[in-house]
Amino acid sequence: KHMGLEATGRVGRVVIEPRDPDVVFMADAGHLNGPQQERGVYRTRDGGETRERVLFVDENNGAVDLVMDPNNPRILFAATWQMQIWTWGRESGGPGSGIWRSDDGGDTWTRLEGNGLPRGMMGKIGLAMTPDDSRRIYALIETSSNDEYETVMEHEGVLWRSDDGGHS
């Protein structure tokens, strides 16, 4: 059954609250061909009949990944990505790309910065968590593919791990 969000373009991830299947989060990247308001993380609490956007960076950044703590569904991590596609190429990354954390089921979000995360521009980010240890979060971060747009530091790495719930 079609449930809306026609204008969002690309949905990067859908996460369902395990104790309440009517609560669903969607990471929406947008169409990527230019600025667009219908990007970000959306939440429904009624199985998709209605939805609200709970995380929005700006019209140039969409949400591309989303994970829910397997032991505490009120804790979520979202990845946002600034991406522009043209017929002649793409620009991946920018100041809006980043990792966000919510401790209250998506009502509020805090951007994770510093404390070991890459300095400078980040591109696309993939996230993962394990039920064995909710404090461990993995992030696959594009850090050096746009040297022609911004000088990048020496390659800082690709796979990042936090063992303290994203604090470092």
# chains A, B, ... in the order shown; residues from 1 in each chain; ligands from 1

$ residues_around --residues "segment 8-16 of chain A" --least-positions-apart "3" --cutoff "10 Å" --atoms "only C-alpha atoms" --output "VMD selection string"
chain A and resid 4 to 5 19 to 33 36 to 44 47 62 to 68 73 76 78 to 79 126

$ closest_atom_pairs --of "segment 84-110 of chain A" --to "segment 137-144 of chain A" --cutoff "9 Å" --atoms "only C-alpha atoms" --output "tab-separated table"
residue	atom	partner	partner_atom	distance
A:Ser92	CA	A:Glu142	CA	8.7
A:Gly93	CA	A:Glu142	CA	8.1
A:Ile99	CA	A:Ala139	CA	8.7

$ write_last_selection --atoms "N, CA, C and O atoms" --output "short mmCIF file (atom, residue, chain, number, x, y, z; two decimals), in the first residue's frame"
data_model
loop_
_atom_site.label_atom_id
_atom_site.label_comp_id
_atom_site.auth_asym_id
_atom_site.auth_seq_id
_atom_site.Cartn_x
_atom_site.Cartn_y
_atom_site.Cartn_z
N SER A 92 29.87 15.20 -3.48
CA SER A 92 29.47 14.45 -2.30
C SER A 92 30.14 15.04 -1.07
O SER A 92 31.36 15.13 -1.00
N GLY A 93 29.33 15.45 -0.12
CA GLY A 93 29.86 15.97 1.13
C GLY A 93 29.68 17.46 1.26
O GLY A 93 29.46 18.17 0.29
N ILE A 99 26.69 12.98 11.71
CA ILE A 99 26.02 11.95 12.51
C ILE A 99 25.26 12.65 13.63
O ILE A 99 25.78 13.55 14.28
#

$ residues_around --residues "Asp104 of chain A" --least-positions-apart "6" --cutoff "12 Å" --atoms "only C-alpha atoms" --output "PDB file with N, CA, C and O atoms, in the first residue's frame"
ATOM      1  N   VAL A  54      11.242  14.789  11.813  1.00  0.00           N
ATOM      2  CA  VAL A  54      11.818  15.008  13.131  1.00  0.00           C
ATOM      3  C   VAL A  54      13.272  15.467  13.070  1.00  0.00           C
ATOM      4  O   VAL A  54      13.812  15.920  14.083  1.00  0.00           O
ATOM      5  N   MET A  68      18.618   2.153  15.122  1.00  0.00           N
ATOM      6  CA  MET A  68      17.951   2.225  16.413  1.00  0.00           C
ATOM      7  C   MET A  68      18.682   1.277  17.356  1.00  0.00           C
ATOM      8  O   MET A  68      19.007   0.147  16.975  1.00  0.00           O
ATOM      9  N   ASP A  69      18.942   1.746  18.558  1.00  0.00           N
ATOM     10  CA  ASP A  69      19.596   0.898  19.558  1.00  0.00           C
ATOM     11  C   ASP A  69      18.741  -0.357  19.744  1.00  0.00           C
ATOM     12  O   ASP A  69      17.572  -0.269  20.091  1.00  0.00           O
ATOM     13  N   ASN A  72      17.412  -0.381  23.321  1.00  0.00           N
ATOM     14  CA  ASN A  72      16.665   0.777  23.798  1.00  0.00           C
ATOM     15  C   ASN A  72      16.188   1.571  22.589  1.00  0.00           C
ATOM     16  O   ASN A  72      16.907   2.431  22.078  1.00  0.00           O
ATOM     17  N   PRO A  73      14.977   1.314  22.093  1.00  0.00           N
ATOM     18  CA  PRO A  73      14.506   1.957  20.869  1.00  0.00           C
ATOM     19  C   PRO A  73      14.314   3.463  20.973  1.00  0.00           C
ATOM     20  O   PRO A  73      14.032   4.110  19.974  1.00  0.00           O
ATOM     21  N   ARG A  74      14.504   4.047  22.136  1.00  0.00           N
ATOM     22  CA  ARG A  74      14.434   5.507  22.251  1.00  0.00           C
ATOM     23  C   ARG A  74      15.726   6.160  21.778  1.00  0.00           C
ATOM     24  O   ARG A  74      15.762   7.357  21.536  1.00  0.00           O
ATOM     25  N   ILE A  75      16.799   5.372  21.623  1.00  0.00           N
ATOM     26  CA  ILE A  75      18.083   5.897  21.166  1.00  0.00           C
ATOM     27  C   ILE A  75      18.241   5.591  19.681  1.00  0.00           C
ATOM     28  O   ILE A  75      18.169   4.437  19.267  1.00  0.00           O
ATOM     29  N   LEU A  76      18.435   6.649  18.894  1.00  0.00           N
ATOM     30  CA  LEU A  76      18.623   6.518  17.448  1.00  0.00           C
ATOM     31  C   LEU A  76      19.839   7.318  17.008  1.00  0.00           C
ATOM     32  O   LEU A  76      20.189   8.323  17.633  1.00  0.00           O
ATOM     33  N   PHE A  77      20.456   6.853  15.939  1.00  0.00           N
ATOM     34  CA  PHE A  77      21.530   7.585  15.282  1.00  0.00           C
ATOM     35  C   PHE A  77      21.131   7.755  13.824  1.00  0.00           C
ATOM     36  O   PHE A  77      20.641   6.814  13.201  1.00  0.00           O
ATOM     37  N   THR A 110      20.933  15.671  18.509  1.00  0.00           N
ATOM     38  CA  THR A 110      22.189  16.363  18.769  1.00  0.00           C
ATOM     39  C   THR A 110      23.203  15.904  17.738  1.00  0.00           C
ATOM     40  O   THR A 110      23.380  14.691  17.533  1.00  0.00           O
TER      41      THR A 110
END

$ closest_residue --among "A:Glu52, A:Glu6, A:Glu59, A:Asp163" --to "Met129 of chain A" --atoms "only C-alpha atoms"
A:Asp163

$ select_by_dssp --residues "segment 12-119 of chain A" --states "strand (DSSP E or B)" --output "VMD selection string"
chain A and resid 12 to 16 24 to 30 40 to 44 52 to 55 58 61 to 68 76 to 86 89 to 92 94 98 to 102 110 to 112

$ closest_residue --among "A:Asn115, A:Gln82, A:Asp132, A:Gly165" --to "Asp103 of chain A" --atoms "only C-alpha atoms"
A:Gly165

$ atom_distance --atom1 "atom CA of Lys1 of chain A" --atom2 "atom CA of Arg51 of chain A"
15.3 Å

$ residues_around --residues "Gly116 of chain A" --least-positions-apart "3" --cutoff "9 Å" --atoms "only C-alpha atoms" --output "list in words"
Glu113, Arg119, Trp160 and Ser168 of chain A

$ write_last_selection --atoms "N, CA, C and O atoms" --output "short mmCIF file (atom, residue, chain, number, x, y, z; two decimals), in the first residue's frame"
data_model
loop_
_atom_site.label_atom_id
_atom_site.label_comp_id
_atom_site.auth_asym_id
_atom_site.auth_seq_id
_atom_site.Cartn_x
_atom_site.Cartn_y
_atom_site.Cartn_z
N GLU A 113 30.04 15.80 17.00
CA GLU A 113 31.18 16.45 16.37
C GLU A 113 32.39 16.31 17.27
O GLU A 113 32.28 16.23 18.49
N ARG A 119 37.83 15.41 10.98
CA ARG A 119 37.82 16.86 10.86
C ARG A 119 37.54 17.19 9.41
O ARG A 119 37.88 16.44 8.52
N TRP A 160 34.88 3.88 11.36
CA TRP A 160 35.05 4.49 12.68
C TRP A 160 34.20 3.69 13.67
O TRP A 160 33.13 3.18 13.33
N SER A 168 32.51 9.42 21.89
CA SER A 168 33.85 9.56 21.32
C SER A 168 34.08 8.45 20.32
O SER A 168 33.36 7.46 20.31
#

$ decode --residues "segment 46-60 of chain A" --atoms "all heavy atoms" --output "compact mmCIF listing (two decimals), in the first residue's frame"
# COMPACT_ATOMS: atom_id res chain seq x y z
N ASP A 46 1.49 6.07 13.64
CA ASP A 46 0.20 5.43 13.36
C ASP A 46 0.30 4.50 12.14
O ASP A 46 -0.63 4.39 11.36
CB ASP A 46 -0.89 6.47 13.18
CG ASP A 46 -0.60 7.48 12.08
OD1 ASP A 46 0.35 7.25 11.28
OD2 ASP A 46 -1.30 8.50 12.01
N GLY A 47 1.43 3.85 11.98
CA GLY A 47 1.60 2.89 10.90
C GLY A 47 1.68 3.50 9.52
O GLY A 47 1.46 2.82 8.53
N GLY A 48 1.97 4.78 9.41
CA GLY A 48 2.15 5.42 8.12
C GLY A 48 1.00 6.27 7.64
O GLY A 48 1.09 6.91 6.60
N GLU A 49 -0.07 6.32 8.40
CA GLU A 49 -1.21 7.15 7.99
C GLU A 49 -0.81 8.63 7.97
O GLU A 49 -1.20 9.37 7.08
CB GLU A 49 -2.41 6.93 8.90
CG GLU A 49 -2.99 5.53 8.83
CD GLU A 49 -3.49 5.16 7.44
OE1 GLU A 49 -4.05 6.04 6.73
OE2 GLU A 49 -3.32 4.00 7.05
N THR A 50 -0.04 9.04 8.96
CA THR A 50 0.51 10.40 9.01
C THR A 50 1.99 10.28 9.37
O THR A 50 2.43 9.26 9.89
CB THR A 50 -0.20 11.28 10.06
OG1 THR A 50 0.00 10.71 11.35
CG2 THR A 50 -1.68 11.41 9.76
N ARG A 51 2.72 11.35 9.06
CA ARG A 51 4.14 11.34 9.42
C ARG A 51 4.57 12.76 9.70
O ARG A 51 3.95 13.73 9.24
CB ARG A 51 4.98 10.71 8.33
CG ARG A 51 5.00 11.48 7.04
CD ARG A 51 5.25 10.64 5.83
NE ARG A 51 4.36 9.54 5.57
CZ ARG A 51 3.12 9.65 5.11
NH1 ARG A 51 2.61 10.81 4.88
NH2 ARG A 51 2.39 8.60 4.90
N GLU A 52 5.65 12.88 10.47
CA GLU A 52 6.23 14.18 10.78
C GLU A 52 7.73 14.11 10.56
O GLU A 52 8.36 13.06 10.79
CB GLU A 52 5.93 14.58 12.23
CG GLU A 52 6.55 13.62 13.25
CD GLU A 52 6.23 13.97 14.69
OE1 GLU A 52 6.24 15.16 15.03
OE2 GLU A 52 5.99 13.03 15.46
N ARG A 53 8.29 15.21 10.11
CA ARG A 53 9.74 15.27 9.95
C ARG A 53 10.32 15.63 11.31
O ARG A 53 9.96 16.64 11.89
CB ARG A 53 10.13 16.29 8.89
CG ARG A 53 11.61 16.27 8.60
CD ARG A 53 11.99 17.07 7.41
NE ARG A 53 11.50 18.44 7.55
CZ ARG A 53 11.46 19.31 6.55
NH1 ARG A 53 11.86 18.97 5.35
NH2 ARG A 53 11.02 20.52 6.74
N VAL A 54 11.24 14.79 11.81
CA VAL A 54 11.82 15.01 13.13
C VAL A 54 13.27 15.47 13.07
O VAL A 54 13.81 15.92 14.08
CB VAL A 54 11.68 13.75 14.03
CG1 VAL A 54 10.21 13.48 14.34
CG2 VAL A 54 12.33 12.54 13.40
N LEU A 55 13.92 15.35 11.90
CA LEU A 55 15.29 15.86 11.74
C LEU A 55 15.42 16.44 10.34
O LEU A 55 15.15 15.76 9.35
CB LEU A 55 16.33 14.75 11.93
CG LEU A 55 17.79 15.15 11.69
CD1 LEU A 55 18.24 16.24 12.64
CD2 LEU A 55 18.71 13.92 11.81
N PHE A 56 15.81 17.71 10.28
CA PHE A 56 16.01 18.41 9.01
C PHE A 56 17.22 19.30 9.17
O PHE A 56 17.26 20.14 10.07
CB PHE A 56 14.77 19.23 8.66
CG PHE A 56 14.90 20.03 7.40
CD1 PHE A 56 14.92 19.41 6.16
CD2 PHE A 56 14.98 21.42 7.44
CE1 PHE A 56 15.02 20.14 4.98
CE2 PHE A 56 15.07 22.16 6.27
CZ PHE A 56 15.10 21.52 5.04
N VAL A 57 18.22 19.12 8.32
CA VAL A 57 19.41 19.98 8.35
C VAL A 57 19.17 21.20 7.49
O VAL A 57 19.18 22.32 7.97
CB VAL A 57 20.67 19.21 7.88
CG1 VAL A 57 21.87 20.12 7.80
CG2 VAL A 57 20.94 18.02 8.80
N ASP A 58 18.95 21.00 6.20
CA ASP A 58 18.60 22.05 5.27
C ASP A 58 18.23 21.41 3.94
O ASP A 58 18.26 20.18 3.80
CB ASP A 58 19.70 23.11 5.12
CG ASP A 58 20.99 22.57 4.53
OD1 ASP A 58 20.96 21.64 3.69
OD2 ASP A 58 22.06 23.08 4.91
N GLU A 59 17.90 22.23 2.94
CA GLU A 59 17.42 21.71 1.65
C GLU A 59 18.51 21.03 0.83
O GLU A 59 18.22 20.41 -0.19
CB GLU A 59 16.77 22.83 0.84
CG GLU A 59 17.73 23.90 0.38
CD GLU A 59 18.04 24.97 1.42
OE1 GLU A 59 17.45 24.95 2.52
OE2 GLU A 59 18.88 25.82 1.13
N ASN A 60 19.76 21.09 1.27
CA ASN A 60 20.85 20.44 0.54
C ASN A 60 21.30 19.13 1.18
O ASN A 60 22.20 18.47 0.65
CB ASN A 60 22.05 21.38 0.45
CG ASN A 60 21.72 22.62 -0.34
OD1 ASN A 60 21.21 22.54 -1.44
ND2 ASN A 60 21.97 23.78 0.25
